[in-house]
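The file model-v7.cif contains mmCIF, C-alpha atoms:
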data_my_file
#
loop_
_atom_site.label_atom_id
_atom_site.label_comp_id
_atom_site.auth_asym_id
_atom_site.auth_seq_id
_atom_site.Cartn_x
_atom_site.Cartn_y
_atom_site.Cartn_z
CA GLN X 1 -16.12 -7.93 -8.51
CA ASP X 2 -15.94 -11.70 -8.04
CA ALA X 3 -12.14 -11.54 -7.74
CA LEU X 4 -12.32 -8.69 -5.23
CA GLU X 5 -14.88 -10.51 -3.11
CA ARG X 6 -12.78 -13.69 -3.13
CA ALA X 7 -9.59 -11.80 -2.30
CA GLU X 8 -11.27 -10.08 0.63
CA GLN X 9 -12.71 -13.36 1.89
CA GLU X 10 -9.42 -15.28 1.61
CA THR X 11 -7.03 -12.62 2.91
CA GLY X 12 -9.13 -10.31 5.04
CA VAL X 13 -7.91 -7.28 3.07
CA PRO X 14 -10.86 -4.98 2.18
CA ALA X 15 -11.73 -4.70 -1.50
CA GLU X 16 -11.58 -0.90 -1.30
CA ILE X 17 -7.93 -1.02 -0.17
CA ILE X 18 -7.04 -3.29 -3.11
CA VAL X 19 -8.87 -1.05 -5.58
CA ALA X 20 -7.26 2.08 -4.12
CA ILE X 21 -3.77 0.62 -4.50
CA ILE X 22 -4.31 -0.42 -8.12
CA GLY X 23 -5.94 2.93 -8.90
CA VAL X 24 -3.10 4.99 -7.46
CA GLU X 25 -0.31 2.77 -8.78
CA SER X 26 -1.38 2.31 -12.41
CA PHE X 27 -4.77 3.98 -12.91
CA TYR X 28 -6.31 0.50 -13.05
CA GLY X 29 -3.74 -0.94 -15.40
CA THR X 30 -3.95 1.83 -18.00
CA TYR X 31 -0.46 3.15 -17.24
CA THR X 32 2.09 0.65 -16.00
CA GLY X 33 5.26 2.40 -17.22
CA LYS X 34 7.15 2.86 -20.47
CA TYR X 35 10.73 2.13 -19.38
CA SER X 36 12.61 -1.09 -19.99
CA VAL X 37 12.79 -2.67 -16.52
CA LEU X 38 16.10 -4.31 -17.44
CA ASP X 39 17.63 -0.99 -18.56
CA ALA X 40 16.27 0.87 -15.54
CA LEU X 41 17.72 -1.59 -13.02
CA VAL X 42 21.09 -1.80 -14.77
CA THR X 43 21.33 2.00 -14.84
CA LEU X 44 20.27 2.42 -11.20
CA GLY X 45 22.31 -0.53 -10.02
CA PHE X 46 25.61 0.60 -11.55
CA HIS X 47 25.24 4.37 -11.99
CA TYR X 48 23.34 5.47 -8.88
CA PRO X 49 25.81 4.91 -6.00
CA ARG X 50 23.46 6.03 -3.22
CA ARG X 51 21.15 3.04 -3.75
CA GLY X 52 23.21 0.92 -6.11
CA SER X 53 23.28 -2.11 -3.82
CA PHE X 54 19.47 -2.20 -3.58
CA PHE X 55 18.95 -1.98 -7.34
CA ARG X 56 21.63 -4.58 -8.11
CA LYS X 57 19.72 -6.98 -5.86
CA GLU X 58 16.53 -6.13 -7.72
CA LEU X 59 18.34 -6.78 -11.02
CA ALA X 60 19.24 -10.26 -9.80
CA GLU X 61 15.62 -10.78 -8.75
CA LEU X 62 14.50 -9.71 -12.22
CA PHE X 63 16.59 -12.43 -13.89
CA LEU X 64 15.18 -15.03 -11.50
CA LEU X 65 11.64 -13.79 -12.10
CA ALA X 66 12.03 -13.94 -15.87
CA GLN X 67 13.37 -17.49 -15.60
CA GLU X 68 10.57 -18.63 -13.27
CA GLU X 69 7.70 -17.07 -15.21
CA LYS X 70 9.28 -17.51 -18.67
CA PHE X 71 9.11 -13.78 -19.38
CA ASP X 72 11.09 -12.19 -22.20
CA ILE X 73 13.25 -9.99 -19.99
CA ALA X 74 14.00 -7.52 -22.78
CA ARG X 75 10.30 -6.80 -23.30
CA LEU X 76 9.31 -6.06 -19.70
CA ASN X 77 8.33 -2.42 -19.27
CA GLY X 78 7.65 -0.57 -16.03
CA SER X 79 8.52 2.54 -14.05
CA TYR X 80 11.86 4.34 -14.07
CA ALA X 81 12.62 2.50 -10.79
CA GLY X 82 11.81 -0.97 -12.12
CA ALA X 83 8.27 -1.39 -10.76
CA MET X 84 5.95 -3.47 -12.93
CA GLY X 85 2.35 -4.24 -13.70
CA TRP X 86 -1.02 -3.19 -12.33
CA GLY X 87 0.26 -3.06 -8.74
CA GLN X 88 3.74 -1.75 -9.63
CA PHE X 89 5.68 -4.55 -7.93
CA ILE X 90 9.46 -4.40 -7.97
CA PRO X 91 11.03 -7.76 -8.98
CA SER X 92 11.58 -9.03 -5.41
CA SER X 93 7.98 -8.21 -4.48
CA TYR X 94 6.75 -9.85 -7.67
CA ARG X 95 8.62 -13.06 -6.81
CA HIS X 96 7.56 -13.13 -3.15
CA TYR X 97 3.99 -11.81 -3.21
CA ALA X 98 2.49 -12.31 -6.68
CA VAL X 99 -0.06 -15.14 -6.90
CA ASP X 100 -1.77 -16.99 -9.74
CA PHE X 101 -5.21 -15.96 -8.52
CA ASP X 102 -7.13 -17.30 -11.53
CA LYS X 103 -5.19 -20.60 -11.55
CA ASP X 104 -4.11 -20.42 -15.20
CA GLY X 105 -0.51 -21.34 -14.40
CA ILE X 106 0.95 -17.82 -14.81
CA ARG X 107 1.45 -15.05 -12.27
CA ASP X 108 0.67 -12.25 -14.71
CA LEU X 109 0.55 -8.77 -13.17
CA PHE X 110 0.96 -7.06 -16.56
CA ASN X 111 -2.25 -8.10 -18.30
CA ASN X 112 -4.37 -9.98 -15.76
CA PRO X 113 -6.42 -7.89 -13.30
CA VAL X 114 -7.49 -11.03 -11.41
CA ASP X 115 -3.87 -11.91 -10.61
CA ALA X 116 -3.22 -8.26 -9.74
CA ILE X 117 -6.12 -8.20 -7.28
CA GLY X 118 -5.03 -11.41 -5.59
CA SER X 119 -1.39 -10.33 -5.48
CA VAL X 120 -2.05 -6.94 -3.89
CA ALA X 121 -4.24 -8.64 -1.29
CA ASN X 122 -1.54 -11.24 -0.65
CA TYR X 123 1.08 -8.49 -0.25
CA PHE X 124 -0.95 -6.88 2.53
CA LYS X 125 -1.77 -10.17 4.20
CA LYS X 126 1.87 -11.28 4.24
CA ASN X 127 2.87 -7.92 5.72
CA GLY X 128 0.50 -8.28 8.65
CA TRP X 129 -2.85 -6.75 7.67
CA GLN X 130 -5.27 -7.12 10.58
CA THR X 131 -8.73 -8.16 9.41
CA ASN X 132 -11.66 -5.96 10.50
CA GLU X 133 -9.32 -3.48 12.17
CA ASP X 134 -9.21 0.23 11.37
CA VAL X 135 -6.36 2.17 9.76
CA ALA X 136 -6.31 5.61 11.40
CA TYR X 137 -8.43 8.12 13.28
CA PRO X 138 -8.47 11.94 13.11
CA ALA X 139 -6.93 13.38 16.28
CA GLN X 140 -6.80 16.59 18.24
CA VAL X 141 -3.76 17.90 20.13
CA SER X 142 -3.26 20.34 22.98
CA GLY X 143 -0.21 21.77 24.69
CA ASP X 144 3.30 21.04 23.45
CA LYS X 145 4.10 17.57 24.79
CA TYR X 146 2.60 15.84 21.75
CA LYS X 147 5.46 17.18 19.61
CA LYS X 148 7.78 14.60 21.18
CA ALA X 149 5.70 11.88 19.51
CA LEU X 150 6.18 13.34 16.01
CA THR X 151 9.11 11.42 14.55
CA LYS X 152 10.19 10.54 11.02
CA SER X 153 10.58 6.89 11.97
CA ARG X 154 7.87 4.52 10.72
CA LYS X 155 8.11 2.56 13.98
CA PHE X 156 5.18 2.63 16.38
CA SER X 157 7.04 3.54 19.56
CA HIS X 158 4.12 4.84 21.67
CA THR X 159 0.94 3.44 23.17
CA TRP X 160 -2.41 5.18 23.04
CA ALA X 161 -2.18 5.87 26.80
CA GLU X 162 1.18 7.59 26.28
CA LEU X 163 -0.22 9.78 23.51
CA GLN X 164 -3.16 10.74 25.70
CA ALA X 165 -0.72 11.81 28.41
CA MET X 166 0.95 14.01 25.79
CA GLY X 167 -2.29 15.84 25.01
CA VAL X 168 -3.61 13.76 22.09
CA SER X 169 -7.29 12.84 21.85
CA GLN X 170 -9.71 11.29 19.36
CA THR X 171 -13.43 10.67 19.49
CA GLN X 172 -14.15 8.01 16.87
CA THR X 173 -13.65 4.92 19.02
CA GLU X 174 -12.57 3.64 22.43
CA LEU X 175 -8.93 2.61 22.09
CA VAL X 176 -7.31 0.31 24.62
CA GLY X 177 -4.52 2.10 26.47
CA ASP X 178 -1.76 -0.31 25.47
CA THR X 179 -2.64 -0.19 21.76
CA SER X 180 0.48 0.52 19.71
CA VAL X 181 -0.08 3.73 17.74
CA LYS X 182 1.72 6.54 15.94
CA LEU X 183 0.89 10.24 15.84
CA LEU X 184 0.99 11.78 12.36
CA GLU X 185 1.05 15.44 11.37
CA PHE X 186 0.08 16.66 7.90
CA ASN X 187 0.37 20.20 6.57
CA GLN X 188 -2.81 21.73 5.21
CA GLN X 189 -3.06 25.02 3.35
CA THR X 190 -3.46 27.15 6.48
CA SER X 191 -3.25 24.64 9.32
CA LYS X 192 -2.01 21.23 10.43
CA GLU X 193 -3.99 17.99 10.60
CA TYR X 194 -3.32 15.19 13.09
CA TRP X 195 -4.08 11.49 12.91
CA VAL X 196 -3.60 8.50 15.18
CA ALA X 197 -2.32 5.66 13.00
CA LEU X 198 -2.88 1.99 13.83
CA LYS X 199 -1.10 -1.18 12.72
CA ASN X 200 -2.88 -1.34 9.35
CA PHE X 201 -1.56 2.11 8.49
CA TYR X 202 1.94 0.75 9.04
CA VAL X 203 1.12 -2.16 6.72
CA ILE X 204 0.22 0.31 3.94
CA THR X 205 3.64 1.93 4.40
CA ARG X 206 5.19 -1.45 3.66
CA TYR X 207 3.92 -0.90 0.11
CA ASN X 208 5.30 2.65 -0.01
CA HIS X 209 7.19 4.19 2.91
CA SER X 210 5.61 7.63 2.63
CA PRO X 211 2.96 8.47 5.29
CA LEU X 212 1.39 10.78 2.70
CA TYR X 213 1.04 7.83 0.32
CA ALA X 214 -0.53 5.68 3.02
CA MET X 215 -3.00 8.43 3.93
CA VAL X 216 -3.96 8.87 0.26
CA ILE X 217 -4.63 5.14 -0.04
CA PHE X 218 -6.67 5.12 3.17
CA GLN X 219 -8.79 8.17 2.33
CA PHE X 220 -9.31 7.08 -1.27
CA SER X 221 -10.40 3.64 -0.05
CA GLN X 222 -12.97 5.27 2.23
CA GLN X 223 -14.34 7.31 -0.68
CA LEU X 224 -14.64 4.14 -2.74
CA LYS X 225 -16.36 2.31 0.11
CA ASN X 226 -18.84 5.15 0.73
CA THR X 227 -19.62 5.44 -2.98
CA PHE X 228 -20.26 1.70 -3.21
CA ILE X 229 -22.56 1.80 -0.18
CA LYS X 230 -24.46 4.76 -1.64
CA GLN X 231 -24.86 3.05 -5.02
CA ASN X 232 -26.19 -0.12 -3.39
CA ALA X 233 -28.65 1.92 -1.34
CA ASN X 234 -29.89 3.70 -4.48
CA GLN X 235 -30.32 0.39 -6.29
CA ARG X 236 -32.34 -0.99 -3.38
CA ASP X 237 -34.53 2.11 -3.43
CA LEU X 238 -35.10 1.77 -7.17
CA GLY X 239 -35.87 -1.93 -6.74
#
Kindly return the structure encoded in the file as structure tokens.
Amino acid sequence: QDALERAEQETGVPAEIIVAIIGVESFYGTYTGKYSVLDALVTLGFHYPRRGSFFRKELAELFLLAQEEKFDIARLNGSYAGAMGWGQFIPSSYRHYAVDFDKDGIRDLFNNPVDAIGSVANYFKKNGWQTNEDVAYPAQVSGDKYKKALTKSRKFSHTWAELQAMGVSQTQTELVGDTSVKLLEFNQQTSKEYWVALKNFYVITRYNHSPLYAMVIFQFSQQLKNTFIKQNANQRDLG
């Protein structure tokens, strides 16, 4: 709790977002992957032509990381794609965003939850997280014009005023017309669900490009936040 409070204070990234990321990525450090990171990156780098260039770069980053942190490269385990530790950082992300949050001289995302908390927060801060700003709002649509705003691109190419002109509305807050936003559509069992995403939603997709992933993180973080608020209220009542 102390580490989460400090990370939130220093970076502006809410504790519930940090906890949601670590929960989804590694079930709070209980499952960080069983594959040799070295073997995974060699295999993907030289035997997976579609993304070989990317994984060869990550292999080079892995050697640099092992040298910098004095890791035994042959003993590093992670996901089948070479992601490591509590936050599942690929080697380049580990080198660029991991921090020694407990000041013990090691950036340890494998065994140290304090470093993991600080590093996830730093990742979001460095990718443009906007403090005290929201992530997304549920939306309603009418007509057919809104469909033009539904694109696979992660870029925010519309303003809120433009979406309104296309038949999009939301009732949770008063958005300024020139706010950069993105309309999202999600399939439900018998219907479709629409959301207006803000800049912080885009920042979550910098961790994982999938809008579904970002929505899971956001909604899970809200559940965590509401549970924490409820628990505190119950404790006050008991006190």
Please evaluate the PyMOL selection byres ((chain X and resi 93) around 10) against the structure above and give the resulting residues as a PyMOL selection string. chain X and resi 58+61+83-84+88-92+94-98+119+123+207
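Among the candidates X:Val37, X:Val203, X:Ala66, X:Ala81, the residue lying nearest to Arg51 (chain X) is X:Ala81 (atoms considered: only C-alpha atoms).
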Residues matched by the PyMOL selection byres ((chain X and resi 18) around 9) as a PDB file with C-alpha atoms, keeping the file's coordinate frame:
ATOM      1  CA  LEU X   4     -12.320  -8.690  -5.230  1.00  0.00           C
ATOM      2  CA  ALA X   7      -9.590 -11.800  -2.300  1.00  0.00           C
ATOM      3  CA  GLU X   8     -11.270 -10.080   0.630  1.00  0.00           C
ATOM      4  CA  VAL X  13      -7.910  -7.280   3.070  1.00  0.00           C
ATOM      5  CA  PRO X  14     -10.860  -4.980   2.180  1.00  0.00           C
ATOM      6  CA  ALA X  15     -11.730  -4.700  -1.500  1.00  0.00           C
ATOM      7  CA  GLU X  16     -11.580  -0.900  -1.300  1.00  0.00           C
ATOM      8  CA  ILE X  17      -7.930  -1.020  -0.170  1.00  0.00           C
ATOM      9  CA  VAL X  19      -8.870  -1.050  -5.580  1.00  0.00           C
ATOM     10  CA  ALA X  20      -7.260   2.080  -4.120  1.00  0.00           C
ATOM     11  CA  ILE X  21      -3.770   0.620  -4.500  1.00  0.00           C
ATOM     12  CA  ILE X  22      -4.310  -0.420  -8.120  1.00  0.00           C
ATOM     13  CA  GLY X  23      -5.940   2.930  -8.900  1.00  0.00           C
ATOM     14  CA  ILE X 117      -6.120  -8.200  -7.280  1.00  0.00           C
ATOM     15  CA  GLY X 118      -5.030 -11.410  -5.590  1.00  0.00           C
ATOM     16  CA  VAL X 120      -2.050  -6.940  -3.890  1.00  0.00           C
ATOM     17  CA  ALA X 121      -4.240  -8.640  -1.290  1.00  0.00           C
ATOM     18  CA  SER X 221     -10.400   3.640  -0.050  1.00  0.00           C
TER      19      SER X 221
END
On this structure, the PyMOL selection byres ((chain X and resi 68) around 12) would catch which residues? List them as an NGL selection string, sorted by chain and number. :X and (61-67 or 69-73 or 91 or 94-96 or 105-108)
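The space between CA of Thr11 (chain X) and CA of Glu25 (chain X) spans 20.5 Å.
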Please return region 110-121 of chain X, rebuilt to all heavy atoms, as an mmCIF file, in the frame of the given file.
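Saved to rebuild-v8.cif:
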data_model
loop_
_atom_site.group_PDB
_atom_site.id
_atom_site.type_symbol
_atom_site.label_atom_id
_atom_site.label_comp_id
_atom_site.auth_asym_id
_atom_site.auth_seq_id
_atom_site.Cartn_x
_atom_site.Cartn_y
_atom_site.Cartn_z
ATOM 1 N N PHE X 110 0.920 -8.033 -15.470
ATOM 2 C CA PHE X 110 0.960 -7.060 -16.560
ATOM 3 C C PHE X 110 -0.377 -6.949 -17.281
ATOM 4 O O PHE X 110 -0.782 -5.865 -17.676
ATOM 5 C CB PHE X 110 2.043 -7.451 -17.573
ATOM 6 C CG PHE X 110 3.444 -7.368 -17.028
ATOM 7 C CD1 PHE X 110 4.052 -8.495 -16.487
ATOM 8 C CD2 PHE X 110 4.131 -6.179 -17.042
ATOM 9 C CE1 PHE X 110 5.342 -8.432 -15.985
ATOM 10 C CE2 PHE X 110 5.426 -6.102 -16.538
ATOM 11 C CZ PHE X 110 6.032 -7.225 -16.010
ATOM 12 N N ASN X 111 -1.046 -8.082 -17.465
ATOM 13 C CA ASN X 111 -2.250 -8.100 -18.300
ATOM 14 C C ASN X 111 -3.464 -8.712 -17.612
ATOM 15 O O ASN X 111 -4.549 -8.724 -18.199
ATOM 16 C CB ASN X 111 -1.973 -8.892 -19.586
ATOM 17 C CG ASN X 111 -0.751 -8.378 -20.320
ATOM 18 O OD1 ASN X 111 -0.727 -7.247 -20.767
ATOM 19 N ND2 ASN X 111 0.272 -9.228 -20.434
ATOM 20 N N ASN X 112 -3.296 -9.223 -16.409
ATOM 21 C CA ASN X 112 -4.370 -9.980 -15.760
ATOM 22 C C ASN X 112 -4.820 -9.296 -14.472
ATOM 23 O O ASN X 112 -4.161 -9.398 -13.441
ATOM 24 C CB ASN X 112 -3.865 -11.402 -15.456
ATOM 25 C CG ASN X 112 -4.986 -12.310 -14.999
ATOM 26 O OD1 ASN X 112 -5.985 -11.857 -14.451
ATOM 27 N ND2 ASN X 112 -4.816 -13.603 -15.214
ATOM 28 N N PRO X 113 -5.957 -8.585 -14.505
ATOM 29 C CA PRO X 113 -6.420 -7.890 -13.300
ATOM 30 C C PRO X 113 -6.764 -8.836 -12.155
ATOM 31 O O PRO X 113 -6.683 -8.449 -10.990
ATOM 32 C CB PRO X 113 -7.655 -7.120 -13.779
ATOM 33 C CG PRO X 113 -8.084 -7.814 -15.031
ATOM 34 C CD PRO X 113 -6.836 -8.335 -15.663
ATOM 35 N N VAL X 114 -7.154 -10.071 -12.472
ATOM 36 C CA VAL X 114 -7.490 -11.030 -11.410
ATOM 37 C C VAL X 114 -6.231 -11.379 -10.607
ATOM 38 O O VAL X 114 -6.239 -11.383 -9.367
ATOM 39 C CB VAL X 114 -8.137 -12.299 -11.999
ATOM 40 C CG1 VAL X 114 -8.358 -13.341 -10.911
ATOM 41 C CG2 VAL X 114 -9.456 -11.947 -12.668
ATOM 42 N N ASP X 115 -5.129 -11.659 -11.301
ATOM 43 C CA ASP X 115 -3.870 -11.910 -10.610
ATOM 44 C C ASP X 115 -3.410 -10.674 -9.841
ATOM 45 O O ASP X 115 -2.852 -10.786 -8.738
ATOM 46 C CB ASP X 115 -2.777 -12.328 -11.602
ATOM 47 C CG ASP X 115 -2.906 -13.775 -12.042
ATOM 48 O OD1 ASP X 115 -3.833 -14.465 -11.570
ATOM 49 O OD2 ASP X 115 -2.089 -14.220 -12.876
ATOM 50 N N ALA X 116 -3.624 -9.499 -10.413
ATOM 51 C CA ALA X 116 -3.220 -8.260 -9.740
ATOM 52 C C ALA X 116 -3.994 -8.073 -8.442
ATOM 53 O O ALA X 116 -3.409 -7.723 -7.404
ATOM 54 C CB ALA X 116 -3.436 -7.063 -10.663
ATOM 55 N N ILE X 117 -5.281 -8.319 -8.475
ATOM 56 C CA ILE X 117 -6.120 -8.200 -7.280
ATOM 57 C C ILE X 117 -5.650 -9.163 -6.189
ATOM 58 O O ILE X 117 -5.438 -8.781 -5.037
ATOM 59 C CB ILE X 117 -7.594 -8.448 -7.636
ATOM 60 C CG1 ILE X 117 -8.157 -7.250 -8.414
ATOM 61 C CG2 ILE X 117 -8.429 -8.724 -6.397
ATOM 62 C CD1 ILE X 117 -9.492 -7.503 -9.069
ATOM 63 N N GLY X 118 -5.472 -10.413 -6.562
ATOM 64 C CA GLY X 118 -5.030 -11.410 -5.590
ATOM 65 C C GLY X 118 -3.647 -11.127 -5.047
ATOM 66 O O GLY X 118 -3.366 -11.361 -3.862
ATOM 67 N N SER X 119 -2.776 -10.578 -5.883
ATOM 68 C CA SER X 119 -1.390 -10.330 -5.480
ATOM 69 C C SER X 119 -1.290 -9.145 -4.532
ATOM 70 O O SER X 119 -0.526 -9.182 -3.559
ATOM 71 C CB SER X 119 -0.524 -10.105 -6.711
ATOM 72 O OG SER X 119 -0.508 -11.264 -7.526
ATOM 73 N N VAL X 120 -2.040 -8.081 -4.803
ATOM 74 C CA VAL X 120 -2.050 -6.940 -3.890
ATOM 75 C C VAL X 120 -2.593 -7.367 -2.530
ATOM 76 O O VAL X 120 -2.047 -7.021 -1.478
ATOM 77 C CB VAL X 120 -2.865 -5.770 -4.475
ATOM 78 C CG1 VAL X 120 -3.092 -4.689 -3.416
ATOM 79 C CG2 VAL X 120 -2.157 -5.180 -5.689
ATOM 80 N N ALA X 121 -3.669 -8.145 -2.549
ATOM 81 C CA ALA X 121 -4.240 -8.640 -1.290
ATOM 82 C C ALA X 121 -3.227 -9.510 -0.542
ATOM 83 O O ALA X 121 -3.071 -9.398 0.688
ATOM 84 C CB ALA X 121 -5.514 -9.428 -1.570
#
